[in-house]
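Written out below as structure tokens is the structure these notes cover.
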Amino acid sequence: MQGSTESSPFPRWDRLREALKNRLSPQAYATWVTQMACLEDAGQTLRIGLPDSFSLNWVSDHYRHVLEEEVAAFGDPVELQLELRPGAPEAGPESRKVELSQATAPRRASLERGASSRDDARSAPRVNPRYTFQSFVVGPSNELAWAAARSVVDSEIPTYSPLVIVGGVGLGKTHLMHAIAHELMKRRPNLKIHLRTSEQFITDVVQGIRMNKMDEVRWAYRACDVLLLDDIQFISGKETCQEEFFHTFNALYDAQKPIVVTSDRLPHEISDIQERVRSRFTWGLIADLKVPELETRAAILKRKATTDGIALDDDVAMFLAQSIRSNVRELEGCLVRVHAYSSLTRRELTLSLAREVLKDIVSDKGRALTCDVIVRAVSAHFDVKVSDLKSARRSRLIAFPRQIAMYLCRRHTGASYPEIGQALGGKDHTTALNAFNKIGQRLSDPDVRSHVEEIERVLLD
Ligand code: ADP
Ligand code: MG
């Protein structure tokens, strides 16, 4: 009996949480439900607290009906109330409570304050001037990440720390991160912003150790007012860097300095990473970028065309957006190619010209990356039948290609694990998740990596 919900002071809340776990995607659950705390579960009242107004608004707008439906399914009349939690920081994992206990009291650091502390710590970050909030097109696929990124610049004390922006290749992670830096530099020029890629971070640490200058490296990272680290997944397997990141994170977190990281996968999908580092990623908000919908893709093209002075008709934009679906970088590349062709041949950029230019890439490589396309490519690469990949057969000759297919589906389409499981003959979502993790971990094996890269080349080049 121990550990059962019978001893819980909030039995309906426990039940609701369980129901939400089954109903919501793991991403949505991790982002929103783990932030909720039950304030009251008595009589006809179930009061749920959220840690800040951003979450409260978001959950009220997007998930209230889900919560109400699940509560209604209990059978008894229950009034569900969503509200701001009094005195926030108890939420989240147990570890957070424990580890923050000494640090919570004097945390009122102003963002501006650190600016004068040591001037040599940071010079202005190198920001791509094209990556601004103004040039970022918002649609349902990226609305959450965009709103969360805005909240970093709109509030002095971070609403979320860390903000983890997760998304596949070319979906705008770096763009949003630079937009944050850009906007902060404009609004608060005294702020010390440390914008680095993880590769730079790794180099900084390696050089720091080699040259006996770790103090300086630490200073640069810990004395900044805002830390922005792009592509954090690369610290996988790098023990010393994880150690440094862990202490840097704690220092900034305790000083209430915003920390934003991007990753091409969810924290639990990053292999070879210390649990304590991984858990830090779940303290704040994980906001994902999905593959943009058709209209958003077309709008991105139109916006880019305007910026670059390219005359782009709606029908051409729509055609390109329909043809290239997997990521925005490819979409932009396509526009550049069509435009170059049109100016070099001095022909107007019409639909038929666009069709002509994209004929090859659209029919072969640029075609929409769906799970089916990937499964077919994997089948051709390993010379196994699609029907075998979708079967229940577990022999290594089939199981390994199947795992690779699941891995590639996760990396290159917006499909969820249940959808990937479905695309491979109705497998369970945990099978797809395990396959993704397993292949991700085995990428350091040159054999496995070369299979993955060869198939990717066929799919993406
Ligand atoms: P990632 O870091 O996720 O791999 P990037 O941020 O480098 O992707 O984005 C790839 C390209 O797509 C960039 O040129 C970026 O400006 C563009 N892009 C991505 N999403 C959007 C968007 N929503 N609106 C405008 N441009 C976008
Ligand atoms: Mg990037």
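A note on labels: chains of the structure tokens are A, B, ... as shown, every chain counts residues from 1, and ligands are counted from 1 in their shown order.
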Would you name the residues within 12 Å of ligand 2, counting only C-alpha atoms and all ligand atoms, and put them as a PyMOL selection string?
chain A and resi 128+131+165-178+196-199+229-234+261-264+289+327-329
Non-local contacts of Asp204 of chain A (12 Å; only C-alpha atoms; under 6 positions in same chain excluded) as JSON, numbers by chain:
{"A": [196, 197, 198, 210, 211, 212, 213, 214, 215, 216, 217, 218, 219, 220, 221, 240, 241, 244, 245]}
Residue neighbourhood Glu18 of chain A, 12 Å, only C-alpha atoms, exclusion window fewer than 6 positions, as number ranges by chain:
A: 5, 11-12, 24, 29, 33-34, 67, 70-71
Suppose we keep N, CA, C and O atoms; can you now write the selection as a PDB file, in the first residue's frame?
```
ATOM      1  N   THR A   5      -1.952   6.180  -4.021  1.00  0.00           N
ATOM      2  CA  THR A   5      -2.582   7.489  -3.956  1.00  0.00           C
ATOM      3  C   THR A   5      -3.512   7.622  -2.757  1.00  0.00           C
ATOM      4  O   THR A   5      -3.932   8.707  -2.426  1.00  0.00           O
ATOM      5  N   PRO A  11      -6.245  13.417  -3.744  1.00  0.00           N
ATOM      6  CA  PRO A  11      -6.494  12.244  -4.596  1.00  0.00           C
ATOM      7  C   PRO A  11      -7.015  12.601  -5.987  1.00  0.00           C
ATOM      8  O   PRO A  11      -6.601  11.999  -6.976  1.00  0.00           O
ATOM      9  N   ARG A  12      -7.887  13.609  -6.067  1.00  0.00           N
ATOM     10  CA  ARG A  12      -8.414  13.920  -7.409  1.00  0.00           C
ATOM     11  C   ARG A  12      -7.347  14.578  -8.276  1.00  0.00           C
ATOM     12  O   ARG A  12      -7.309  14.400  -9.482  1.00  0.00           O
ATOM     13  N   LEU A  24      -2.029  13.989 -22.823  1.00  0.00           N
ATOM     14  CA  LEU A  24      -1.183  15.003 -23.475  1.00  0.00           C
ATOM     15  C   LEU A  24       0.095  14.378 -24.013  1.00  0.00           C
ATOM     16  O   LEU A  24       0.490  13.294 -23.569  1.00  0.00           O
ATOM     17  N   TYR A  29       3.026  17.643 -21.353  1.00  0.00           N
ATOM     18  CA  TYR A  29       2.961  17.264 -19.938  1.00  0.00           C
ATOM     19  C   TYR A  29       4.152  17.853 -19.177  1.00  0.00           C
ATOM     20  O   TYR A  29       4.000  18.480 -18.136  1.00  0.00           O
ATOM     21  N   VAL A  33       2.159  20.480 -17.057  1.00  0.00           N
ATOM     22  CA  VAL A  33       1.581  19.805 -15.889  1.00  0.00           C
ATOM     23  C   VAL A  33       2.581  19.741 -14.739  1.00  0.00           C
ATOM     24  O   VAL A  33       2.205  19.907 -13.581  1.00  0.00           O
ATOM     25  N   THR A  34       3.859  19.552 -15.076  1.00  0.00           N
ATOM     26  CA  THR A  34       4.832  19.470 -13.978  1.00  0.00           C
ATOM     27  C   THR A  34       4.979  20.807 -13.252  1.00  0.00           C
ATOM     28  O   THR A  34       5.529  20.864 -12.164  1.00  0.00           O
ATOM     29  N   LEU A  67      -8.479  19.972 -19.214  1.00  0.00           N
ATOM     30  CA  LEU A  67      -8.552  19.747 -17.765  1.00  0.00           C
ATOM     31  C   LEU A  67     -10.011  19.547 -17.349  1.00  0.00           C
ATOM     32  O   LEU A  67     -10.332  18.637 -16.579  1.00  0.00           O
ATOM     33  N   GLU A  70     -11.368  16.162 -18.369  1.00  0.00           N
ATOM     34  CA  GLU A  70     -10.857  15.064 -17.542  1.00  0.00           C
ATOM     35  C   GLU A  70     -11.487  15.084 -16.150  1.00  0.00           C
ATOM     36  O   GLU A  70     -11.810  14.040 -15.595  1.00  0.00           O
ATOM     37  N   VAL A  71     -11.670  16.274 -15.617  1.00  0.00           N
ATOM     38  CA  VAL A  71     -12.293  16.379 -14.296  1.00  0.00           C
ATOM     39  C   VAL A  71     -13.756  15.931 -14.379  1.00  0.00           C
ATOM     40  O   VAL A  71     -14.251  15.208 -13.501  1.00  0.00           O
TER      41      VAL A  71
END
```
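For Arg442 of chain A, the list of residues within 12 Å, based on only C-alpha atoms and with local chain neighbours fewer than 5 positions off taken out, reads Gly237, Ile270, Ser271, Asp272, Phe400, Gln403, Ile404, Tyr407, Ala435, Phe436, Asn437, Asp447, Val448, Arg449, Ser450, His451 and Val452 of chain A.
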Hey, which of A:Ile310, A:Leu331, A:Ser141, A:Ile180 ends up closest to Glu293 of chain A? Count only C-alpha atoms.
A:Ser141
Taking the DSSP assignment computed from this structure's backbone, write out as a PyMOL selection string all residues of segment 339-421 of chain A that belong to helix (DSSP H, G or I).
chain A and resi 339-344+351-363+371-382+386-389+396-412+417-421
Mind writing the picked residues with C-alpha atoms as a compact mmCIF listing (two decimals), in the first residue's frame?
```
# COMPACT_ATOMS: atom_id res chain seq x y z
CA HIS A 339 15.57 34.02 -57.62
CA ALA A 340 19.13 33.47 -58.85
CA TYR A 341 17.87 31.49 -61.80
CA SER A 342 15.35 34.15 -62.68
CA SER A 343 17.87 36.99 -62.56
CA LEU A 344 20.63 35.10 -64.37
CA LEU A 351 5.08 29.76 -61.28
CA SER A 352 6.26 27.91 -64.37
CA LEU A 353 9.82 29.13 -63.89
CA ALA A 354 9.73 28.02 -60.25
CA ARG A 355 8.41 24.61 -61.33
CA GLU A 356 11.19 24.32 -63.86
CA VAL A 357 13.93 25.15 -61.36
CA LEU A 358 12.59 22.93 -58.63
CA LYS A 359 11.69 20.04 -60.90
CA ASP A 360 14.59 17.89 -59.82
CA ILE A 361 14.82 18.75 -56.18
CA VAL A 362 11.12 18.60 -55.58
CA SER A 363 10.60 15.29 -57.28
CA CYS A 371 7.57 9.15 -42.13
CA ASP A 372 6.60 7.18 -45.24
CA VAL A 373 9.29 8.80 -47.36
CA ILE A 374 11.84 8.03 -44.65
CA VAL A 375 10.70 4.44 -44.25
CA ARG A 376 11.06 3.93 -48.01
CA ALA A 377 14.55 5.45 -48.02
CA VAL A 378 15.60 3.23 -45.11
CA SER A 379 14.14 0.20 -46.86
CA ALA A 380 16.14 1.01 -50.02
CA HIS A 381 19.33 1.70 -48.09
CA PHE A 382 19.32 -1.58 -46.15
CA VAL A 386 8.96 -1.87 -46.17
CA SER A 387 6.55 -4.59 -45.02
CA ASP A 388 9.34 -6.14 -42.95
CA LEU A 389 10.14 -2.80 -41.33
CA ARG A 396 18.65 -7.74 -36.01
CA LEU A 397 18.57 -7.42 -39.77
CA ILE A 398 15.14 -5.82 -39.48
CA ALA A 399 15.20 -4.30 -36.01
CA PHE A 400 18.25 -2.12 -36.60
CA PRO A 401 16.95 -0.52 -39.83
CA ARG A 402 13.60 -0.05 -38.10
CA GLN A 403 15.29 1.83 -35.26
CA ILE A 404 17.16 3.96 -37.74
CA ALA A 405 13.87 4.75 -39.49
CA MET A 406 12.30 5.77 -36.19
CA TYR A 407 15.28 7.91 -35.34
CA LEU A 408 15.20 9.69 -38.70
CA CYS A 409 11.44 10.20 -38.53
CA ARG A 410 11.85 11.93 -35.20
CA ARG A 411 14.70 14.11 -36.45
CA HIS A 412 13.25 15.12 -39.76
CA TYR A 417 6.41 9.20 -31.06
CA PRO A 418 2.90 7.68 -31.27
CA GLU A 419 2.73 8.78 -34.93
CA ILE A 420 6.14 7.30 -35.65
CA GLY A 421 5.12 4.05 -33.98
```
Go through segment 13-253 of chain A and collect every residue that DSSP, computed from the backbone, puts in strand (DSSP E); the answer should be as a ChimeraX atom specification.
/A:37-42,45-50,79-84,163-167,193-197,226-230
By how many Å are atom CA of Asp315 of chain A and atom CA of Thr350 of chain A apart?
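A separation of 8.5 Å between them.
Considering the residues A:Trp283, A:Phe136, A:Phe74, A:Tyr253 and counting only C-alpha atoms and all ligand atoms, ligand 1 has its shortest atom-to-atom contact with A:Phe136.
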Excluding same-chain residues fewer than 6 positions from Ala179 of chain A, what lies within 10 Å of it counting only C-alpha atoms, as an NGL selection string?
:A and (127-136 or 146 or 149-150 or 153 or 173 or 185)
Grab the residues selected above and save them as a compact mmCIF listing (two decimals), in the first residue's frame with C-alpha atoms.
```txt
# COMPACT_ATOMS: atom_id res chain seq x y z
CA VAL A 127 24.48 38.74 -33.27
CA ASN A 128 23.23 37.96 -36.75
CA PRO A 129 21.48 41.21 -37.68
CA ARG A 130 18.89 39.36 -39.75
CA TYR A 131 17.68 37.28 -36.85
CA THR A 132 15.25 39.62 -35.13
CA PHE A 133 11.78 39.30 -33.68
CA GLN A 134 10.54 41.47 -36.52
CA SER A 135 11.79 39.05 -39.15
CA PHE A 136 10.44 35.99 -37.35
CA TRP A 146 8.20 32.86 -29.80
CA ALA A 149 11.46 34.20 -26.14
CA ARG A 150 9.57 37.49 -25.98
CA VAL A 153 13.11 40.44 -23.11
CA LYS A 173 16.16 28.07 -32.78
CA MET A 185 20.98 45.01 -26.66
```
Nearby residues (only C-alpha atoms) at most 9 Å from Arg280 of chain A, same-chain spacing under 2 positions excluded, as a PyMOL selection string:
chain A and resi 96+161-162+246+249-250+275-278+282-284
Of A:Gly425, A:Pro125, A:Pro77, A:Gly139, the one nearest to ligand 1 when counting only C-alpha atoms and all ligand atoms is A:Gly139
Using only C-alpha atoms, which of A:Val205, A:Ile259, A:Leu285, A:Ala72 sits nearest Pro51 of chain A?
A:Leu285
Which of these residues is nearest to ligand 1, using only C-alpha atoms and all ligand atoms: A:Gln200, A:Glu143, A:Glu239, A:Phe319?
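Counting only C-alpha atoms and all ligand atoms, the residue closest to ligand 1 is A:Glu143.
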